[in-house]
$ cat input-v6.pdb   # PDB, C-alpha atoms, pLDDT in the B column
ATOM      1  CA  MET Y   1     102.633 115.150  81.909  1.00 42.00           C
ATOM      2  CA  ALA Y   2     102.845 112.208  84.303  1.00 48.00           C
ATOM      3  CA  GLU Y   3     101.635 114.463  87.126  1.00 55.00           C
ATOM      4  CA  LYS Y   4      98.298 114.770  85.297  1.00 51.00           C
ATOM      5  CA  LEU Y   5      97.805 111.024  85.769  1.00 56.00           C
ATOM      6  CA  ALA Y   6      98.688 111.047  89.464  1.00 61.00           C
ATOM      7  CA  PRO Y   7      95.886 110.153  91.900  1.00 69.00           C
ATOM      8  CA  GLU Y   8      93.368 112.990  91.999  1.00 72.00           C
ATOM      9  CA  LYS Y   9      92.277 112.276  95.544  1.00 82.00           C
ATOM     10  CA  ARG Y  10      92.964 109.850  98.320  1.00 91.00           C
ATOM     11  CA  HIS Y  11      90.645 107.003  99.212  1.00 91.00           C
ATOM     12  CA  SER Y  12      89.463 106.907 102.830  1.00 90.00           C
ATOM     13  CA  PHE Y  13      89.004 103.860 105.021  1.00 90.00           C
ATOM     14  CA  VAL Y  14      86.399 104.678 107.666  1.00 88.00           C
ATOM     15  CA  HIS Y  15      85.473 102.264 110.469  1.00 88.00           C
ATOM     16  CA  ASN Y  16      82.691 102.967 112.993  1.00 90.00           C
ATOM     17  CA  GLY Y  17      82.457 106.552 111.737  1.00 90.00           C
ATOM     18  CA  GLN Y  18      86.170 107.264 112.255  1.00 90.00           C
ATOM     19  CA  LYS Y  19      88.740 107.689 109.506  1.00 91.00           C
ATOM     20  CA  VAL Y  20      91.404 105.014 110.036  1.00 92.00           C
ATOM     21  CA  PHE Y  21      93.625 106.059 107.124  1.00 95.00           C
ATOM     22  CA  GLU Y  22      93.673 107.506 103.635  1.00 95.00           C
ATOM     23  CA  TRP Y  23      95.509 105.967 100.700  1.00 95.00           C
ATOM     24  CA  ASP Y  24      96.365 106.231  97.035  1.00 95.00           C
ATOM     25  CA  GLN Y  25      98.453 104.287  94.543  1.00 94.00           C
ATOM     26  CA  THR Y  26     100.642 104.572  91.486  1.00 93.00           C
ATOM     27  CA  LEU Y  27     101.962 101.857  89.185  1.00 93.00           C
ATOM     28  CA  GLU Y  28     104.834 101.202  91.592  1.00 94.00           C
ATOM     29  CA  GLU Y  29     103.618 102.037  95.093  1.00 96.00           C
ATOM     30  CA  VAL Y  30     100.761 102.348  97.541  1.00 97.00           C
ATOM     31  CA  ASN Y  31     100.800 105.314  99.918  1.00 97.00           C
ATOM     32  CA  VAL Y  32      99.008 105.176 103.273  1.00 96.00           C
ATOM     33  CA  TYR Y  33      98.394 108.332 105.338  1.00 97.00           C
ATOM     34  CA  ILE Y  34      97.492 108.132 109.026  1.00 96.00           C
ATOM     35  CA  ASN Y  35      96.622 111.196 111.124  1.00 95.00           C
ATOM     36  CA  LEU Y  36      98.656 111.046 114.314  1.00 94.00           C
ATOM     37  CA  PRO Y  37      97.162 111.681 117.743  1.00 93.00           C
ATOM     38  CA  PRO Y  38      98.210 114.896 119.485  1.00 91.00           C
ATOM     39  CA  ASN Y  39     100.580 115.054 122.449  1.00 91.00           C
ATOM     40  CA  VAL Y  40     102.641 112.002 121.470  1.00 92.00           C
ATOM     41  CA  ARG Y  41     106.323 112.496 120.734  1.00 92.00           C
ATOM     42  CA  PRO Y  42     107.363 111.432 117.224  1.00 92.00           C
ATOM     43  CA  LYS Y  43     109.897 108.939 118.604  1.00 94.00           C
ATOM     44  CA  GLN Y  44     107.052 106.999 120.233  1.00 96.00           C
ATOM     45  CA  PHE Y  45     105.530 105.959 116.883  1.00 96.00           C
ATOM     46  CA  TYR Y  46     106.624 102.861 115.018  1.00 97.00           C
ATOM     47  CA  CYS Y  47     105.844 101.094 111.768  1.00 97.00           C
ATOM     48  CA  LYS Y  48     106.912  97.540 110.880  1.00 98.00           C
ATOM     49  CA  ILE Y  49     106.628  96.679 107.196  1.00 98.00           C
ATOM     50  CA  GLN Y  50     106.868  93.036 106.207  1.00 98.00           C
ATOM     51  CA  SER Y  51     106.320  91.460 102.805  1.00 98.00           C
ATOM     52  CA  LYS Y  52     102.620  90.782 103.457  1.00 98.00           C
ATOM     53  CA  HIS Y  53     101.957  92.541 106.774  1.00 98.00           C
ATOM     54  CA  VAL Y  54     102.074  95.994 108.349  1.00 98.00           C
ATOM     55  CA  GLU Y  55     101.986  97.003 112.000  1.00 98.00           C
ATOM     56  CA  VAL Y  56     101.643 100.625 113.144  1.00 97.00           C
ATOM     57  CA  GLY Y  57     101.358 101.989 116.646  1.00 96.00           C
ATOM     58  CA  ILE Y  58     102.748 103.787 119.653  1.00 96.00           C
ATOM     59  CA  LYS Y  59     105.449 102.039 121.643  1.00 96.00           C
ATOM     60  CA  ASP Y  60     104.197 100.250 124.790  1.00 95.00           C
ATOM     61  CA  SER Y  61     100.575 100.357 123.512  1.00 95.00           C
ATOM     62  CA  PRO Y  62      98.473  97.930 121.479  1.00 96.00           C
ATOM     63  CA  PRO Y  63      99.013  98.472 117.732  1.00 96.00           C
ATOM     64  CA  TYR Y  64      96.752 100.879 115.866  1.00 95.00           C
ATOM     65  CA  LEU Y  65      97.000  98.731 112.710  1.00 95.00           C
ATOM     66  CA  ASN Y  66      98.162  95.123 112.681  1.00 97.00           C
ATOM     67  CA  HIS Y  67      96.961  93.629 109.408  1.00 96.00           C
ATOM     68  CA  ASP Y  68      97.927  91.629 106.372  1.00 98.00           C
ATOM     69  CA  LEU Y  69      98.448  93.596 103.187  1.00 98.00           C
ATOM     70  CA  THR Y  70      96.301  93.018 100.113  1.00 96.00           C
ATOM     71  CA  CYS Y  71      99.370  92.151  98.024  1.00 96.00           C
ATOM     72  CA  PRO Y  72     103.067  91.591  98.752  1.00 98.00           C
ATOM     73  CA  VAL Y  73     105.515  94.507  98.866  1.00 98.00           C
ATOM     74  CA  LYS Y  74     109.246  94.969  98.471  1.00 98.00           C
ATOM     75  CA  THR Y  75     110.371  95.554 102.041  1.00 97.00           C
ATOM     76  CA  ASP Y  76     113.808  96.889 101.102  1.00 97.00           C
ATOM     77  CA  SER Y  77     112.281  99.854  99.245  1.00 97.00           C
ATOM     78  CA  SER Y  78     109.196 100.434 101.437  1.00 98.00           C
ATOM     79  CA  PHE Y  79     109.475 103.035 104.198  1.00 98.00           C
ATOM     80  CA  TRP Y  80     107.596 105.419 106.472  1.00 98.00           C
ATOM     81  CA  THR Y  81     107.985 109.050 107.516  1.00 97.00           C
ATOM     82  CA  LEU Y  82     106.337 111.479 109.936  1.00 96.00           C
ATOM     83  CA  GLU Y  83     105.473 114.957 108.736  1.00 93.00           C
ATOM     84  CA  ASP Y  84     102.919 117.551 109.830  1.00 91.00           C
ATOM     85  CA  ASP Y  85     101.171 115.150 112.240  1.00 93.00           C
ATOM     86  CA  ILE Y  86     100.772 112.507 109.518  1.00 96.00           C
ATOM     87  CA  MET Y  87     102.463 109.143 109.198  1.00 97.00           C
ATOM     88  CA  HIS Y  88     103.117 108.484 105.513  1.00 97.00           C
ATOM     89  CA  ILE Y  89     103.805 104.833 104.668  1.00 98.00           C
ATOM     90  CA  THR Y  90     105.146 104.110 101.184  1.00 98.00           C
ATOM     91  CA  LEU Y  91     104.699 100.472 100.187  1.00 98.00           C
ATOM     92  CA  GLN Y  92     106.644  99.454  97.079  1.00 98.00           C
ATOM     93  CA  LYS Y  93     104.495  97.008  95.098  1.00 97.00           C
ATOM     94  CA  ARG Y  94     106.215  93.699  94.388  1.00 96.00           C
ATOM     95  CA  ASP Y  95     104.157  93.435  91.196  1.00 93.00           C
ATOM     96  CA  LYS Y  96     104.367  96.773  89.413  1.00 92.00           C
ATOM     97  CA  GLY Y  97     101.067  97.767  87.827  1.00 90.00           C
ATOM     98  CA  GLN Y  98      98.878  95.629  90.058  1.00 92.00           C
ATOM     99  CA  THR Y  99      95.695  97.465  91.016  1.00 92.00           C
ATOM    100  CA  TRP Y 100      95.065  97.244  94.759  1.00 94.00           C
ATOM    101  CA  ALA Y 101      91.457  97.455  95.983  1.00 93.00           C
ATOM    102  CA  SER Y 102      92.782  98.434  99.440  1.00 95.00           C
ATOM    103  CA  PRO Y 103      96.131  98.373 101.239  1.00 97.00           C
ATOM    104  CA  ILE Y 104      94.709  96.179 104.018  1.00 94.00           C
ATOM    105  CA  LEU Y 105      93.419  92.717 103.131  1.00 94.00           C
ATOM    106  CA  GLY Y 106      89.617  92.616 103.514  1.00 87.00           C
ATOM    107  CA  GLN Y 107      89.337  96.154 104.912  1.00 87.00           C
ATOM    108  CA  GLY Y 108      87.966  99.210 103.125  1.00 84.00           C
ATOM    109  CA  GLN Y 109      87.835  97.642  99.677  1.00 90.00           C
ATOM    110  CA  LEU Y 110      87.062  99.982  96.805  1.00 90.00           C
ATOM    111  CA  ASP Y 111      83.655  99.482  95.254  1.00 90.00           C
ATOM    112  CA  PRO Y 112      83.691  97.988  91.726  1.00 89.00           C
ATOM    113  CA  TYR Y 113      83.216 101.373  90.038  1.00 87.00           C
ATOM    114  CA  SER Y 114      86.091 103.017  91.956  1.00 89.00           C
ATOM    115  CA  SER Y 115      88.280  99.979  91.381  1.00 88.00           C
ATOM    116  CA  ASP Y 116      87.630 100.202  87.629  1.00 86.00           C
ATOM    117  CA  LEU Y 117      88.507 103.924  87.632  1.00 86.00           C
ATOM    118  CA  GLU Y 118      91.735 103.128  89.502  1.00 88.00           C
ATOM    119  CA  GLN Y 119      92.665 100.423  86.996  1.00 88.00           C
ATOM    120  CA  LYS Y 120      92.011 102.803  84.080  1.00 87.00           C
ATOM    121  CA  ARG Y 121      94.151 105.520  85.688  1.00 87.00           C
ATOM    122  CA  LEU Y 122      97.000 103.059  86.270  1.00 89.00           C
ATOM    123  CA  MET Y 123      96.745 101.836  82.683  1.00 87.00           C
ATOM    124  CA  LEU Y 124      97.044 105.404  81.397  1.00 86.00           C
ATOM    125  CA  GLN Y 125      99.953 105.946  83.779  1.00 87.00           C
ATOM    126  CA  ARG Y 126     101.621 102.888  82.242  1.00 86.00           C
ATOM    127  CA  PHE Y 127     101.047 104.241  78.711  1.00 85.00           C
ATOM    128  CA  GLN Y 128     102.517 107.597  79.778  1.00 86.00           C
ATOM    129  CA  GLU Y 129     105.578 105.927  81.304  1.00 87.00           C
ATOM    130  CA  GLU Y 130     106.201 103.823  78.189  1.00 87.00           C
ATOM    131  CA  ASN Y 131     105.540 106.719  75.770  1.00 87.00           C
ATOM    132  CA  PRO Y 132     106.884 109.870  77.469  1.00 87.00           C
ATOM    133  CA  GLY Y 133     106.433 112.089  74.395  1.00 86.00           C
ATOM    134  CA  PHE Y 134     102.656 111.657  74.384  1.00 85.00           C
ATOM    135  CA  ASP Y 135     100.015 113.151  76.684  1.00 86.00           C
ATOM    136  CA  PHE Y 136      97.485 110.558  77.841  1.00 82.00           C
ATOM    137  CA  SER Y 137      95.885 112.773  80.492  1.00 80.00           C
ATOM    138  CA  GLN Y 138      92.683 113.227  78.450  1.00 82.00           C
ATOM    139  CA  ALA Y 139      92.528 109.642  77.129  1.00 83.00           C
ATOM    140  CA  GLN Y 140      89.525 107.486  77.979  1.00 82.00           C
ATOM    141  CA  PHE Y 141      88.634 103.818  77.740  1.00 80.00           C
ATOM    142  CA  SER Y 142      85.356 102.638  76.335  1.00 77.00           C
ATOM    143  CA  GLY Y 143      84.287  99.388  77.917  1.00 74.00           C
ATOM    144  CA  ASN Y 144      86.450  97.292  80.173  1.00 79.00           C
ATOM    145  CA  CYS Y 145      90.020  98.357  80.833  1.00 80.00           C
ATOM    146  CA  PRO Y 146      92.764  95.747  80.465  1.00 80.00           C
ATOM    147  CA  ASP Y 147      94.985  94.841  83.398  1.00 82.00           C
ATOM    148  CA  PRO Y 148      97.977  97.230  83.358  1.00 83.00           C
ATOM    149  CA  ARG Y 149     100.285  94.404  84.525  1.00 82.00           C
ATOM    150  CA  THR Y 150      99.603  92.018  81.661  1.00 82.00           C
ATOM    151  CA  PHE Y 151      98.277  94.067  78.722  1.00 81.00           C
ATOM    152  CA  MET Y 152     100.299  93.585  75.519  1.00 78.00           C
ATOM    153  CA  GLY Y 153     103.002  91.447  77.055  1.00 77.00           C
ATOM    154  CA  GLY Y 154     103.119  93.148  80.436  1.00 79.00           C
ATOM    155  CA  ILE Y 155     105.039  96.056  81.892  1.00 79.00           C
ATOM    156  CA  ARG Y 156     108.490  96.593  80.466  1.00 68.00           C
ATOM    157  CA  SER Y 157     111.359  96.671  82.908  1.00 62.00           C
ATOM    158  CA  ASP Y 158     114.254  98.685  81.504  1.00 54.00           C
TER
END
$ encode --input "input-v6.pdb" --output "structure tokens"
Amino acid sequence: MAEKLAPEKRHSFVHNGQKVFEWDQTLEEVNVYINLPPNVRPKQFYCKIQSKHVEVGIKDSPPYLNHDLTCPVKTDSSFWTLEDDIMHITLQKRDKGQTWASPILGQGQLDPYSSDLEQKRLMLQRFQEENPGFDFSQAQFSGNCPDPRTFMGGIRSD
């Protein structure tokens, strides 16, 4: 049932008409997807993940991304992989349940409507995680959605 509450589609960050990356999030992580340029060997790519910063690029070239993150991450459980000409960066949220408006601070922020939808989806994901016998995939909120991090005493850590 939890799969029903997974992100339906990725958000795109477009700059000057070009897609820079796509991303989605769950309660625990933010995933960033970058299309890799052709004719570059996989060993030439790099990704440095710091608590509040990410740098992505090709060795011996200026970085493709070199930006602060919207929120801090757990570096020991964040990682990156290359598959099918896509770099997939998994950023483990330091604050589980926090709704990110974008992975990159000040870049490609979700509009208020999309941000609200994201917060509602994460809240339902939290309910599903805490109540695995119930199906929240068709549940809806009327009015404002509470913050999934702090609602009713916050997220339980078992």
$ residues_around --input "input-v6.pdb" --residues "region 110-124 of chain Y" --least-positions-apart "2" --cutoff "10 Å" --atoms "only C-alpha atoms" --output "PyMOL selection string"
chain Y and resi 2+5-8+11-13+24-28+97-102+107-108+126-130+135-141+144-149+151
$ resolve_selection --input "input-v6.pdb" --expression "the PyMOL selection byres ((chain Y and resi 75-86) around 8)" --output "list in words"
Tyr33, Ile34, Asn35, Leu36, Pro37, Pro38, Pro42, Cys47, Ile49, Gln50, Ser51, Val73, Lys74, Met87, His88, Ile89, Thr90, Leu91 and Gln92 of chain Y
$ write_last_selection --input "input-v6.pdb" --atoms "C-alpha atoms" --output "compact mmCIF listing (two decimals), keeping the file's coordinate frame"
# COMPACT_ATOMS: atom_id res chain seq x y z
CA TYR Y 33 98.39 108.33 105.34
CA ILE Y 34 97.49 108.13 109.03
CA ASN Y 35 96.62 111.20 111.12
CA LEU Y 36 98.66 111.05 114.31
CA PRO Y 37 97.16 111.68 117.74
CA PRO Y 38 98.21 114.90 119.48
CA PRO Y 42 107.36 111.43 117.22
CA CYS Y 47 105.84 101.09 111.77
CA ILE Y 49 106.63 96.68 107.20
CA GLN Y 50 106.87 93.04 106.21
CA SER Y 51 106.32 91.46 102.80
CA VAL Y 73 105.52 94.51 98.87
CA LYS Y 74 109.25 94.97 98.47
CA MET Y 87 102.46 109.14 109.20
CA HIS Y 88 103.12 108.48 105.51
CA ILE Y 89 103.80 104.83 104.67
CA THR Y 90 105.15 104.11 101.18
CA LEU Y 91 104.70 100.47 100.19
CA GLN Y 92 106.64 99.45 97.08
$ atom_distance --input "input-v6.pdb" --atom1 "CA of Cys71 (chain Y)" --atom2 "CA of Ile58 (chain Y)"
24.8 Å
$ resolve_selection --input "input-v6.pdb" --expression "the PyMOL selection byres ((chain Y and resi 104) around 7)" --output "PyMOL selection string"
chain Y and resi 67-70+102-103+105-107
$ atom_distance --input "input-v6.pdb" --atom1 "CA of Arg94 (chain Y)" --atom2 "CA of Ile155 (chain Y)"
12.8 Å
$ atom_distance --input "input-v6.pdb" --atom1 "CA of Lys93 (chain Y)" --atom2 "CA of Glu29 (chain Y)"
5.1 Å
$ closest_residue --input "input-v6.pdb" --among "Y:Ser142, Y:His15, Y:Asn31, Y:Ser61" --to "Phe45 (chain Y)" --atoms "only C-alpha atoms"
Y:Ser61
$ axis_aligned_box --input "input-v6.pdb" --around "region 129-134 of chain Y" --padding-each-side "8 Å" --output "lines of an AutoDock Vina configuration file"
center_x = 104.8
center_y = 108.0
center_z = 77.8
size_x = 20.2
size_y = 24.3
size_z = 22.9
$ decode --input "input-v6.pdb" --residues "region 66-86 of chain Y" --atoms "N, CA, C and O atoms" --output "PDB file, in the first residue's frame"
ATOM      1  N   ASN Y  66      26.949  23.073  -8.129  1.00  0.00           N
ATOM      2  CA  ASN Y  66      27.801  23.375  -6.977  1.00  0.00           C
ATOM      3  C   ASN Y  66      26.997  24.314  -6.086  1.00  0.00           C
ATOM      4  O   ASN Y  66      27.182  25.520  -6.123  1.00  0.00           O
ATOM      5  N   HIS Y  67      26.057  23.730  -5.333  1.00  0.00           N
ATOM      6  CA  HIS Y  67      25.060  24.537  -4.628  1.00  0.00           C
ATOM      7  C   HIS Y  67      24.811  24.035  -3.212  1.00  0.00           C
ATOM      8  O   HIS Y  67      25.007  22.860  -2.911  1.00  0.00           O
ATOM      9  N   ASP Y  68      24.305  24.956  -2.400  1.00  0.00           N
ATOM     10  CA  ASP Y  68      23.838  24.585  -1.071  1.00  0.00           C
ATOM     11  C   ASP Y  68      22.511  23.859  -1.206  1.00  0.00           C
ATOM     12  O   ASP Y  68      21.715  24.144  -2.108  1.00  0.00           O
ATOM     13  N   LEU Y  69      22.280  22.932  -0.295  1.00  0.00           N
ATOM     14  CA  LEU Y  69      21.025  22.197  -0.251  1.00  0.00           C
ATOM     15  C   LEU Y  69      19.982  23.000   0.531  1.00  0.00           C
ATOM     16  O   LEU Y  69      20.336  23.807   1.397  1.00  0.00           O
ATOM     17  N   THR Y  70      18.724  22.753   0.240  1.00  0.00           N
ATOM     18  CA  THR Y  70      17.640  23.436   0.934  1.00  0.00           C
ATOM     19  C   THR Y  70      17.654  23.134   2.430  1.00  0.00           C
ATOM     20  O   THR Y  70      17.425  24.012   3.247  1.00  0.00           O
ATOM     21  N   CYS Y  71      17.936  21.889   2.777  1.00  0.00           N
ATOM     22  CA  CYS Y  71      17.946  21.443   4.171  1.00  0.00           C
ATOM     23  C   CYS Y  71      19.130  20.499   4.368  1.00  0.00           C
ATOM     24  O   CYS Y  71      19.632  19.922   3.409  1.00  0.00           O
ATOM     25  N   PRO Y  72      19.564  20.303   5.596  1.00  0.00           N
ATOM     26  CA  PRO Y  72      20.696  19.402   5.841  1.00  0.00           C
ATOM     27  C   PRO Y  72      20.343  17.934   5.599  1.00  0.00           C
ATOM     28  O   PRO Y  72      19.185  17.537   5.728  1.00  0.00           O
ATOM     29  N   VAL Y  73      21.370  17.157   5.249  1.00  0.00           N
ATOM     30  CA  VAL Y  73      21.208  15.724   4.993  1.00  0.00           C
ATOM     31  C   VAL Y  73      22.180  14.930   5.867  1.00  0.00           C
ATOM     32  O   VAL Y  73      23.146  15.466   6.399  1.00  0.00           O
ATOM     33  N   LYS Y  74      21.883  13.649   5.984  1.00  0.00           N
ATOM     34  CA  LYS Y  74      22.783  12.721   6.665  1.00  0.00           C
ATOM     35  C   LYS Y  74      23.782  12.217   5.623  1.00  0.00           C
ATOM     36  O   LYS Y  74      23.409  11.464   4.724  1.00  0.00           O
ATOM     37  N   THR Y  75      25.018  12.642   5.736  1.00  0.00           N
ATOM     38  CA  THR Y  75      25.996  12.297   4.704  1.00  0.00           C
ATOM     39  C   THR Y  75      26.365  10.819   4.721  1.00  0.00           C
ATOM     40  O   THR Y  75      26.672  10.249   3.679  1.00  0.00           O
ATOM     41  N   ASP Y  76      26.317  10.188   5.898  1.00  0.00           N
ATOM     42  CA  ASP Y  76      26.715   8.786   5.983  1.00  0.00           C
ATOM     43  C   ASP Y  76      25.720   7.836   5.324  1.00  0.00           C
ATOM     44  O   ASP Y  76      26.063   6.699   5.012  1.00  0.00           O
ATOM     45  N   SER Y  77      24.488   8.287   5.074  1.00  0.00           N
ATOM     46  CA  SER Y  77      23.516   7.427   4.405  1.00  0.00           C
ATOM     47  C   SER Y  77      23.002   8.041   3.095  1.00  0.00           C
ATOM     48  O   SER Y  77      22.031   7.570   2.535  1.00  0.00           O
ATOM     49  N   SER Y  78      23.665   9.079   2.611  1.00  0.00           N
ATOM     50  CA  SER Y  78      23.371   9.649   1.291  1.00  0.00           C
ATOM     51  C   SER Y  78      24.387   9.084   0.309  1.00  0.00           C
ATOM     52  O   SER Y  78      25.532   8.838   0.669  1.00  0.00           O
ATOM     53  N   PHE Y  79      23.969   8.880  -0.935  1.00  0.00           N
ATOM     54  CA  PHE Y  79      24.868   8.263  -1.919  1.00  0.00           C
ATOM     55  C   PHE Y  79      24.415   8.610  -3.330  1.00  0.00           C
ATOM     56  O   PHE Y  79      23.363   9.204  -3.529  1.00  0.00           O
ATOM     57  N   TRP Y  80      25.232   8.210  -4.311  1.00  0.00           N
ATOM     58  CA  TRP Y  80      24.881   8.427  -5.709  1.00  0.00           C
ATOM     59  C   TRP Y  80      25.252   7.206  -6.521  1.00  0.00           C
ATOM     60  O   TRP Y  80      26.153   6.442  -6.160  1.00  0.00           O
ATOM     61  N   THR Y  81      24.519   7.004  -7.623  1.00  0.00           N
ATOM     62  CA  THR Y  81      24.778   5.895  -8.537  1.00  0.00           C
ATOM     63  C   THR Y  81      24.618   6.390  -9.972  1.00  0.00           C
ATOM     64  O   THR Y  81      23.986   7.427 -10.219  1.00  0.00           O
ATOM     65  N   LEU Y  82      25.195   5.639 -10.899  1.00  0.00           N
ATOM     66  CA  LEU Y  82      25.017   5.898 -12.333  1.00  0.00           C
ATOM     67  C   LEU Y  82      24.324   4.693 -12.941  1.00  0.00           C
ATOM     68  O   LEU Y  82      24.747   3.558 -12.715  1.00  0.00           O
ATOM     69  N   GLU Y  83      23.240   4.954 -13.682  1.00  0.00           N
ATOM     70  CA  GLU Y  83      22.530   3.865 -14.327  1.00  0.00           C
ATOM     71  C   GLU Y  83      21.763   4.399 -15.527  1.00  0.00           C
ATOM     72  O   GLU Y  83      21.050   5.406 -15.412  1.00  0.00           O
ATOM     73  N   ASP Y  84      21.916   3.730 -16.652  1.00  0.00           N
ATOM     74  CA  ASP Y  84      21.191   4.105 -17.875  1.00  0.00           C
ATOM     75  C   ASP Y  84      21.341   5.589 -18.209  1.00  0.00           C
ATOM     76  O   ASP Y  84      20.351   6.288 -18.465  1.00  0.00           O
ATOM     77  N   ASP Y  85      22.563   6.089 -18.185  1.00  0.00           N
ATOM     78  CA  ASP Y  85      22.868   7.481 -18.527  1.00  0.00           C
ATOM     79  C   ASP Y  85      22.192   8.498 -17.606  1.00  0.00           C
ATOM     80  O   ASP Y  85      21.909   9.627 -18.009  1.00  0.00           O
ATOM     81  N   ILE Y  86      21.922   8.090 -16.368  1.00  0.00           N
ATOM     82  CA  ILE Y  86      21.349   8.987 -15.368  1.00  0.00           C
ATOM     83  C   ILE Y  86      22.143   8.873 -14.073  1.00  0.00           C
ATOM     84  O   ILE Y  86      22.446   7.770 -13.622  1.00  0.00           O
TER      85      ILE Y  86
END
